[in-house]
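Peer 1: File follows, model_7.csv with CSV, C-alpha atoms:
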```csv
chain,number,residue,atom,x,y,z
S,850,MET,CA,24.2,156.8,129.4
S,851,ILE,CA,22.0,159.7,128.2
S,852,PHE,CA,23.2,159.8,124.6
S,853,ARG,CA,26.2,158.5,122.7
S,854,GLN,CA,28.7,160.3,120.5
S,855,GLY,CA,27.6,160.0,116.9
S,856,ASP,CA,23.9,159.5,117.7
S,857,ALA,CA,21.3,161.6,115.9
S,858,GLY,CA,19.6,164.0,118.4
S,859,ASN,CA,16.2,165.5,118.4
S,860,SER,CA,16.1,166.9,121.9
S,861,PHE,CA,18.3,168.8,124.4
S,862,PHE,CA,18.4,168.9,128.2
S,863,GLN,CA,18.6,171.4,131.0
S,864,ILE,CA,20.0,170.0,134.2
S,865,LEU,CA,17.7,170.5,137.2
S,866,ASP,CA,19.8,168.6,139.8
S,867,GLY,CA,22.8,166.4,139.9
S,868,SER,CA,25.6,166.3,137.2
S,869,VAL,CA,26.5,164.9,133.8
S,870,ASP,CA,29.9,163.8,132.5
S,871,VAL,CA,30.7,164.7,128.9
S,872,ILE,CA,33.1,162.1,127.5
S,873,LEU,CA,35.0,161.9,124.2
S,874,GLY,CA,35.7,158.4,122.9
S,875,TYR,CA,33.6,156.7,125.6
S,876,GLY,CA,34.5,153.1,126.2
S,877,SER,CA,37.8,153.3,124.3
S,878,GLU,CA,41.3,153.1,125.9
S,879,ASP,CA,41.7,156.7,124.9
S,880,GLN,CA,38.4,158.0,126.4
S,881,LEU,CA,38.7,161.6,127.7
S,882,LYS,CA,36.3,163.4,130.1
S,883,LEU,CA,35.8,166.8,128.6
S,884,THR,CA,33.7,168.4,131.3
S,885,GLU,CA,31.2,168.0,134.1
S,886,LEU,CA,27.9,169.8,133.7
S,887,LYS,CA,25.8,170.8,136.7
S,888,LYS,CA,22.5,172.5,137.6
S,889,ASP,CA,21.1,175.0,135.1
S,890,GLN,CA,23.5,174.0,132.4
S,891,PHE,CA,22.5,172.5,129.1
S,892,LEU,CA,23.6,169.5,127.1
S,893,GLY,CA,22.8,168.2,123.6
S,894,GLU,CA,21.6,171.6,122.4
S,895,MET,CA,23.8,171.7,119.3
S,896,ALA,CA,22.2,168.6,117.8
S,897,VAL,CA,18.8,170.3,118.0
S,898,ILE,CA,20.0,173.7,116.7
S,899,ASP,CA,21.9,172.5,113.7
S,900,GLN,CA,20.7,168.9,113.4
S,901,CYS,CA,24.2,167.3,113.4
S,902,PRO,CA,25.2,164.1,115.3
S,903,ARG,CA,26.1,164.2,119.0
S,904,SER,CA,29.7,165.4,119.3
S,905,ALA,CA,30.4,163.5,122.6
S,906,THR,CA,28.8,160.9,125.0
S,907,ALA,CA,26.8,162.1,128.0
S,908,VAL,CA,26.7,159.9,131.2
S,909,ALA,CA,24.9,160.6,134.4
S,910,GLY,CA,27.2,161.6,137.3
S,911,PRO,CA,27.8,159.4,140.4
S,912,ASP,CA,24.8,160.8,142.2
S,913,GLY,CA,22.5,160.7,139.2
S,914,VAL,CA,20.8,163.6,137.5
S,915,GLN,CA,17.4,165.1,137.1
S,916,MET,CA,16.8,167.0,133.8
S,917,GLU,CA,14.1,168.6,131.7
S,918,GLU,CA,14.1,167.3,128.1
S,919,ILE,CA,13.1,169.7,125.3
S,920,THR,CA,12.5,168.2,121.9
S,921,SER,CA,13.1,170.1,118.7
S,922,GLY,CA,9.4,170.8,118.3
S,923,GLU,CA,9.2,172.3,121.8
S,924,VAL,CA,12.0,174.8,121.6
S,925,ASN,CA,9.9,177.8,120.9
S,926,ALA,CA,7.5,176.9,123.7
S,927,TYR,CA,10.4,176.4,126.1
S,928,LEU,CA,11.9,179.8,125.2
S,929,ASP,CA,8.4,181.5,125.4
S,930,GLU,CA,7.5,180.1,128.9
S,931,ASP,CA,10.3,182.1,130.7
S,932,PRO,CA,11.9,185.3,129.3
S,933,GLY,CA,15.1,184.3,131.0
S,934,HIS,CA,15.5,181.1,128.9
S,935,VAL,CA,16.6,183.0,125.8
S,936,GLU,CA,19.4,184.8,127.4
S,937,LEU,CA,20.4,181.7,129.5
S,938,LEU,CA,20.8,179.6,126.3
S,939,VAL,CA,22.6,182.3,124.3
S,940,ASN,CA,25.0,182.9,127.3
S,941,TYR,CA,25.6,179.2,127.7
S,942,LEU,CA,26.6,178.7,124.1
S,943,GLY,CA,28.7,181.9,124.3
S,944,ALA,CA,30.5,180.6,127.4
S,945,ARG,CA,31.3,177.3,125.6
S,946,LEU,CA,32.6,179.3,122.6
S,947,LYS,CA,34.8,181.4,124.9
S,948,ASP,CA,36.2,178.3,126.6
S,949,LEU,CA,36.9,176.5,123.3
S,950,THR,CA,38.5,179.7,121.9
S,951,GLY,CA,40.9,179.7,124.9
S,952,GLN,CA,41.8,176.1,124.3
S,953,TYR,CA,42.3,176.7,120.6
S,954,GLN,CA,44.6,179.6,121.3
S,955,GLU,CA,46.6,177.5,123.7
S,956,VAL,CA,47.2,174.7,121.2
S,957,SER,CA,48.0,177.3,118.5
S,958,THR,CA,50.6,178.9,120.7
S,959,LEU,CA,52.1,175.4,121.3
S,960,ILE,CA,52.4,174.8,117.6
S,961,ARG,CA,54.2,178.0,117.1
S,962,GLU,CA,56.7,176.9,119.8
S,963,ILE,CA,57.4,173.5,118.3
S,964,ARG,CA,60.4,174.6,116.4
S,965,ASP,CA,62.0,175.6,119.7
S,966,ALA,CA,60.8,172.6,121.6
S,967,GLU,CA,64.2,171.7,123.0
S,968,LYS,CA,64.2,175.0,124.8
S,969,LYS,CA,60.8,174.7,126.5
S,970,GLU,CA,60.5,173.1,129.9
S,971,GLY,CA,57.4,170.9,130.2
S,972,PHE,CA,56.9,170.9,126.5
S,973,ALA,CA,56.3,167.1,126.3
S,974,ALA,CA,53.6,167.4,129.0
S,975,LYS,CA,51.8,170.1,127.0
S,976,ILE,CA,52.0,168.0,123.8
S,977,LYS,CA,50.5,165.0,125.6
S,978,LYS,CA,47.5,167.0,126.7
S,979,PHE,CA,46.4,167.9,123.2
S,980,ALA,CA,47.6,164.6,121.6
S,981,GLY,CA,45.3,162.8,124.1
S,982,PHE,CA,42.3,165.0,123.0
S,983,TYR,CA,43.0,164.1,119.4
S,984,LYS,CA,43.2,160.3,120.1
S,985,ALA,CA,39.9,160.3,122.0
S,986,GLY,CA,38.1,162.3,119.3
S,987,LYS,CA,39.7,160.6,116.3
S,988,GLY,CA,37.2,159.9,113.6
S,989,SER,CA,34.8,162.6,114.8
S,990,LYS,CA,33.9,165.0,112.0
S,991,PRO,CA,32.1,168.1,113.3
S,992,SER,CA,30.2,170.0,110.7
S,993,ALA,CA,29.7,173.7,110.0
S,994,GLU,CA,26.7,173.1,107.7
S,995,VAL,CA,24.6,175.4,109.9
S,996,LEU,CA,26.7,178.4,108.8
S,997,ARG,CA,25.7,177.8,105.2
S,998,GLN,CA,22.0,177.4,106.2
S,999,THR,CA,22.1,180.5,108.3
S,1000,SER,CA,23.7,182.5,105.5
S,1001,GLU,CA,20.8,181.6,103.2
S,1002,LEU,CA,18.3,183.5,105.4
S,1003,GLU,CA,17.5,187.2,105.0
S,1004,HIS,CA,18.5,188.9,108.2
S,1005,SER,CA,17.1,192.3,107.4
S,1006,GLY,CA,13.4,191.3,107.7
S,1007,GLY,CA,11.3,191.8,110.8
S,1008,TYR,CA,11.9,193.8,114.0
S,1009,ALA,CA,15.3,195.2,114.7
S,1010,LYS,CA,16.0,197.5,117.8
S,1011,LYS,CA,19.1,199.2,116.5
S,1012,VAL,CA,20.3,199.5,113.0
S,1013,VAL,CA,23.3,201.6,112.1
S,1014,GLU,CA,24.7,202.9,108.7
S,1015,TYR,CA,28.5,202.7,108.4
S,1016,PRO,CA,30.0,204.7,105.5
S,1017,LYS,CA,32.7,202.9,103.5
S,1018,GLY,CA,36.0,202.9,105.5
S,1019,THR,CA,34.4,203.3,108.9
S,1020,VAL,CA,36.0,201.3,111.8
S,1021,ILE,CA,33.1,199.5,113.4
S,1022,PHE,CA,35.2,198.3,116.4
S,1023,LYS,CA,38.9,198.1,117.1
S,1024,GLU,CA,41.1,195.2,118.1
S,1025,GLY,CA,41.6,195.4,121.9
S,1026,GLU,CA,38.3,197.3,122.6
S,1027,ARG,CA,35.8,195.8,125.0
S,1028,GLY,CA,32.8,194.3,123.2
S,1029,ASP,CA,29.2,194.4,124.3
S,1030,CYS,CA,27.1,193.3,121.3
S,1031,ILE,CA,26.9,191.0,118.3
S,1032,TYR,CA,26.6,192.6,114.8
S,1033,ASP,CA,24.4,191.4,112.0
S,1034,ILE,CA,25.1,192.6,108.4
S,1035,HIS,CA,22.0,193.6,106.5
S,1036,PHE,CA,23.6,195.3,103.5
S,1037,GLY,CA,27.2,195.9,102.4
S,1038,SER,CA,30.3,194.0,103.5
S,1039,VAL,CA,32.7,194.1,106.5
S,1040,GLY,CA,36.4,193.2,106.6
S,1041,ILE,CA,38.0,191.7,109.7
S,1042,TYR,CA,41.7,192.6,110.2
S,1043,SER,CA,44.5,191.9,112.6
S,1044,GLY,CA,47.0,194.7,113.2
S,1045,TYR,CA,44.8,197.1,111.3
S,1046,GLY,CA,46.6,200.3,110.4
S,1047,THR,CA,50.1,198.9,111.2
S,1048,ALA,CA,52.8,197.3,109.1
S,1049,GLU,CA,51.5,193.9,110.1
S,1050,GLU,CA,48.0,194.5,108.9
S,1051,THR,CA,46.3,191.3,107.7
S,1052,LYS,CA,42.9,190.9,106.3
S,1053,LEU,CA,41.5,187.8,108.0
S,1054,THR,CA,38.2,187.5,106.2
S,1055,GLN,CA,35.4,189.5,104.4
S,1056,LEU,CA,31.8,189.1,105.6
S,1057,TYR,CA,28.7,189.7,103.6
S,1058,PRO,CA,25.0,190.3,104.3
S,1059,ASN,CA,23.1,187.8,106.4
S,1060,THR,CA,26.2,187.2,108.5
S,1061,PHE,CA,26.8,187.7,112.3
S,1062,PHE,CA,30.1,188.8,113.8
S,1063,GLY,CA,31.5,190.0,117.1
S,1064,GLU,CA,29.7,187.4,119.2
S,1065,LEU,CA,32.5,186.9,121.6
S,1066,GLY,CA,32.3,190.5,122.6
S,1067,MET,CA,28.6,190.1,123.4
S,1068,VAL,CA,28.8,187.0,125.5
S,1069,SER,CA,32.1,187.7,127.3
S,1070,GLY,CA,32.6,191.4,127.2
S,1071,GLU,CA,36.3,190.7,126.6
S,1072,PRO,CA,38.6,192.7,124.2
S,1073,ARG,CA,37.9,192.3,120.5
S,1074,SER,CA,40.5,190.0,118.9
S,1075,ALA,CA,40.4,191.9,115.6
S,1076,THR,CA,39.2,195.1,113.9
S,1077,ALA,CA,36.1,195.3,111.9
S,1078,VAL,CA,35.9,197.8,109.0
S,1079,ALA,CA,33.0,198.7,106.6
S,1080,LEU,CA,34.4,197.8,103.1
S,1081,ASP,CA,31.3,199.3,101.4
S,1082,ASP,CA,28.5,201.5,102.7
S,1083,ALA,CA,27.2,199.0,105.2
S,1084,THR,CA,23.9,198.6,107.2
S,1085,VAL,CA,24.5,196.6,110.4
S,1086,GLU,CA,22.1,195.6,113.2
S,1087,LEU,CA,23.6,195.8,116.8
S,1088,ILE,CA,22.2,193.3,119.3
S,1089,HIS,CA,23.0,193.6,123.0
S,1090,PRO,CA,22.3,190.8,125.6
S,1091,GLU,CA,19.5,192.9,127.1
S,1092,ASP,CA,17.8,193.0,123.7
S,1093,LEU,CA,17.4,189.2,123.4
S,1094,ASN,CA,14.1,188.8,125.2
S,1095,GLU,CA,12.4,191.7,123.3
S,1096,LEU,CA,13.9,190.4,120.0
S,1097,PHE,CA,12.4,186.9,120.7
S,1098,GLU,CA,8.9,188.4,121.4
S,1099,LYS,CA,9.0,190.6,118.2
S,1100,ASN,CA,11.2,188.6,115.8
S,1101,PRO,CA,11.6,185.0,117.0
S,1102,PRO,CA,13.4,183.8,113.8
S,1103,LYS,CA,16.3,186.2,114.6
S,1104,ILE,CA,16.9,184.4,117.9
S,1105,GLY,CA,17.0,181.1,115.9
S,1106,MET,CA,19.6,182.6,113.6
S,1107,ILE,CA,21.7,183.7,116.5
S,1108,LEU,CA,21.6,180.3,118.2
S,1109,GLY,CA,22.4,178.7,114.9
S,1110,HIS,CA,25.3,181.0,114.4
S,1111,LEU,CA,26.8,180.3,117.8
S,1112,SER,CA,26.3,176.6,117.4
S,1113,GLY,CA,27.9,176.7,113.9
S,1114,ARG,CA,30.9,178.7,115.2
S,1115,LEU,CA,31.3,176.1,118.0
S,1116,ARG,CA,31.3,173.2,115.5
S,1117,LYS,CA,33.7,175.0,113.1
S,1118,LEU,CA,36.0,176.0,115.9
S,1119,THR,CA,35.9,172.4,117.2
S,1120,GLU,CA,37.0,171.2,113.7
S,1121,GLU,CA,39.9,173.7,113.7
S,1122,TYR,CA,40.8,172.6,117.2
S,1123,MET,CA,40.8,168.9,116.3
S,1124,SER,CA,43.0,169.7,113.2
S,1125,ALA,CA,45.5,171.5,115.4
S,1126,CYS,CA,45.5,168.7,118.0
S,1127,SER,CA,46.0,166.2,115.1
S,1128,LEU,CA,49.2,168.1,114.2
S,1129,VAL,CA,50.4,168.1,117.8
S,1130,TYR,CA,49.6,164.3,118.0
S,1131,ASP,CA,51.9,163.7,114.9
S,1132,VAL,CA,54.6,165.7,116.6
S,1133,SER,CA,54.2,163.6,119.8
S,1134,GLN,CA,54.6,160.4,117.8
S,1135,ASN,CA,58.0,161.7,116.7
S,1136,LEU,CA,59.1,162.7,120.2
S,1137,ASP,CA,58.0,159.4,121.6
S,1138,LYS,CA,60.4,157.7,119.2
S,1139,ASN,CA,63.1,160.3,119.8
S,1140,GLN,CA,63.1,161.1,116.1
S,1141,PRO,CA,63.5,164.5,114.6
S,1142,LEU,CA,60.5,166.0,112.8
S,1143,SER,CA,60.3,164.9,109.2
S,1144,ALA,CA,60.6,167.5,106.4
S,1145,GLU,CA,56.8,167.1,105.7
S,1146,LEU,CA,55.8,167.5,109.3
S,1147,SER,CA,58.1,170.5,109.8
S,1148,GLU,CA,56.5,172.1,106.8
S,1149,LYS,CA,53.0,171.5,108.2
S,1150,VAL,CA,54.1,173.1,111.5
S,1151,LYS,CA,55.6,176.0,109.6
S,1152,ALA,CA,52.5,176.4,107.5
S,1153,PHE,CA,50.0,176.3,110.4
S,1154,SER,CA,47.8,179.3,110.5
S,1155,GLU,CA,45.5,180.2,113.4
S,1156,LYS,CA,42.0,180.6,112.0
S,1157,LEU,CA,40.2,182.7,114.5
S,1158,TYR,CA,38.5,186.0,114.6
S,1159,ASP,CA,35.8,187.8,116.5
```
Could you express the structure from this file as structure tokens?
Peer 2:
Amino acid sequence: MIFRQGDAGNSFFQILDGSVDVILGYGSEDQLKLTELKKDQFLGEMAVIDQCPRSATAVAGPDGVQMEEITSGEVNAYLDEDPGHVELLVNYLGARLKDLTGQYQEVSTLIREIRDAEKKEGFAAKIKKFAGFYKAGKGSKPSAEVLRQTSELEHSGGYAKKVVEYPKGTVIFKEGERGDCIYDIHFGSVGIYSGYGTAEETKLTQLYPNTFFGELGMVSGEPRSATAVALDDATVELIHPEDLNELFEKNPPKIGMILGHLSGRLRKLTEEYMSACSLVYDVSQNLDKNQPLSAELSEKVKAFSEKLYD
């Protein structure tokens, strides 16, 4: 065992050889293997970045593992020793965020289908998948505290490669467009919308200075899941993957902010995912007993709202 779920962590690891199993609820009857990590991948980085407890247990694979351990005090030196480390770590966090986003969208779609459950083939099997995740992770309470800490920092200080002024009402990017950068608000505010400009237009959130958005576009290049609009005259920094090494050399705190934001988004999304899986678990308990959904549970299903934006 490398570390246990719930432990405090002051170091993270990069796998040099072998593999590591990441397990939720290790040692319980409901334990669940989340993933297998291999060469060049990281583990334990979130505990160092946002100083929260380990979110799962890490166990060496059947053939053992060789790793480099980086303590919290050695992070800057680790990033400085190889220009590729910055982009590697950002991309790794981004890939995890992308994968978790896909899982969250899957369970959200399932919840929207619950009212028509009797018409869905294989519905019970889908329910068990997410109910099992909730049982294994029950009692785990991920924290998004790092988002609050990040928002207290001034993002407009220091070196910035590209800063753009967006007049009020300007569309910064559109839902469905391919993304290639992360945005950092220096001044003004930005609204995030689904269905912007249509009868179904919904304002998902409003973002203020010292806030990042659009990270999924930077790390995956996939279509934007929402539209971003300047609600005031806004000043926004654009950061592309190829800018990360230069940014670390000239403004290291900004890289720390980006890592903190990605880690915070992961923890917050994990919290939303666990909440959705908890709802599916409650539904599964009714199905196992061949009981109809209670009025309270039906209302929870009806009221469920997918909390996701790019």
Peer 1: So that I can check the surroundings of range 879-885 of chain S, please list as an MDAnalysis selection string every protein, DNA and RNA residue that reaches within 10 Å of it, counting all atoms listed in the file and ignoring chain neighbours fewer than 2 positions away.
Peer 2: chainID S and resid 868:877 887 890 905:910 981:987
Peer 1: Residues of range 1023-1067 of chain S that have any atom at most 10 Å from an atom of range 937-956 of chain S: could you tabulate them with the shortest-distance atom pair and the distance in Å to one decimal, using all atoms listed in the file, ordered by chain and increasing number, as a Markdown table?
Peer 2:
```
| residue | atom | partner | partner_atom | distance |
| --- | --- | --- | --- | --- |
| S:Glu1064 | CA | S:Gly943 | CA | 7.6 |
| S:Leu1065 | CA | S:Lys947 | CA | 6.8 |
| S:Gly1066 | CA | S:Gly943 | CA | 9.5 |
| S:Met1067 | CA | S:Gly943 | CA | 8.2 |
```
Peer 1: Could you check how far CA of Gly893 in chain S sits from CA of Met916 in chain S, in Å to one decimal?
Peer 2: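 Separation between CA of Gly893 in chain S and CA of Met916 in chain S: 11.9 Å.
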Peer 1: Which one is closest to Glu917 in chain S: S:Cys1126, S:Ile864, S:Leu892, S:Ala1075? Count all atoms listed in the file.
Peer 2: S:Ile864
Peer 1: Between S:Thr1060, S:Thr1019, S:Tyr1130, S:Asp912, which residue has the minimum interatomic distance to Leu1080 in chain S, considering only C-alpha atoms?
Peer 2: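 Counting only C-alpha atoms, the residue closest to Leu1080 in chain S is S:Thr1019.
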Peer 1: Which is closer to Asn1135 in chain S than all the others in S:Ile976, S:Ile1034, S:Ile1104, S:Leu1056, using all atoms listed in the file?
Peer 2: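 Counting all atoms listed in the file, the residue closest to Asn1135 in chain S is S:Ile976.
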Peer 1: List the neighbours of Val897 in chain S out to 10 Å using all atoms listed in the file; skip same-chain residues closer than 4 positions along the sequence, and give me the result as a list in words.
Peer 2: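 Returned residues: Ala857, Gly858, Asn859, Ser860, Phe861, Gly893, Cys901, Pro902, Arg903, Ile919, Thr920, Ser921, Gly922, Val924, Gly1109 and Ser1112 of chain S.
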Peer 1: At what distance in Å, to one decimal, does CA of Phe1153 in chain S lie from CA of Pro1058 in chain S?
Peer 2: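 CA of Pro1058 in chain S sits 29.3 Å away from CA of Phe1153 in chain S.
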Peer 1: Find, counting all atoms listed in the file, the residue in S:Leu928, S:Leu959, S:Ala1125, S:Leu1108 that gets nearest to Met895 in chain S.
Peer 2: S:Leu1108
Peer 1: What does the distance from CA of Ile1107 in chain S to CA of Glu923 in chain S come to in Å, to one decimal?
Peer 2: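 Going from CA of Ile1107 in chain S over to CA of Glu923 in chain S covers 17.7 Å.
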Peer 1: Neighbours of Leu1146 in chain S within 12 Å (all atoms listed in the file; same-chain residues fewer than 2 positions away dropped), as a list in words?
Peer 2: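 The neighbour list is Ile960, Ile963, Arg964, Ser1127, Leu1128, Val1129, Tyr1130, Asp1131, Val1132, Ser1133, Gln1134, Asn1135, Gln1140, Pro1141, Leu1142, Ser1143, Ala1144, Glu1148, Lys1149, Val1150, Lys1151, Ala1152 and Phe1153 of chain S.
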Peer 1: Would you be able to write out as a PyMOL selection string which residues have an atom within 6 Å of (37.8, 193.7, 116.4) in the file's coordinates, counting all atoms listed in the file?
Peer 2: chain S and resi 1022-1024+1073-1077
Peer 1: Check the smallest atom-to-atom distance from each of S:Glu962, S:Glu936, S:Asp1081, S:Glu1071 to Gly1018 in chain S using only C-alpha atoms, then report the winner.
Peer 2: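 Among S:Glu962, S:Glu936, S:Asp1081, S:Glu1071, it is S:Asp1081 that comes nearest to Gly1018 in chain S.
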Peer 1: Which polymer residues have any atom within 12 Å of an atom of Thr1051 in chain S, counting only C-alpha atoms, with same-chain residues fewer than 3 positions away left out, as a count of residues only?
Peer 2: 15
Peer 1: Go through S:Phe1097, S:Lys1138, S:Pro1102, S:Gly1025 one by one, measure the shortest atom-to-atom distance of each to Gly1070 in chain S using only C-alpha atoms, and give the residue with the smallest value.
Peer 2: S:Gly1025
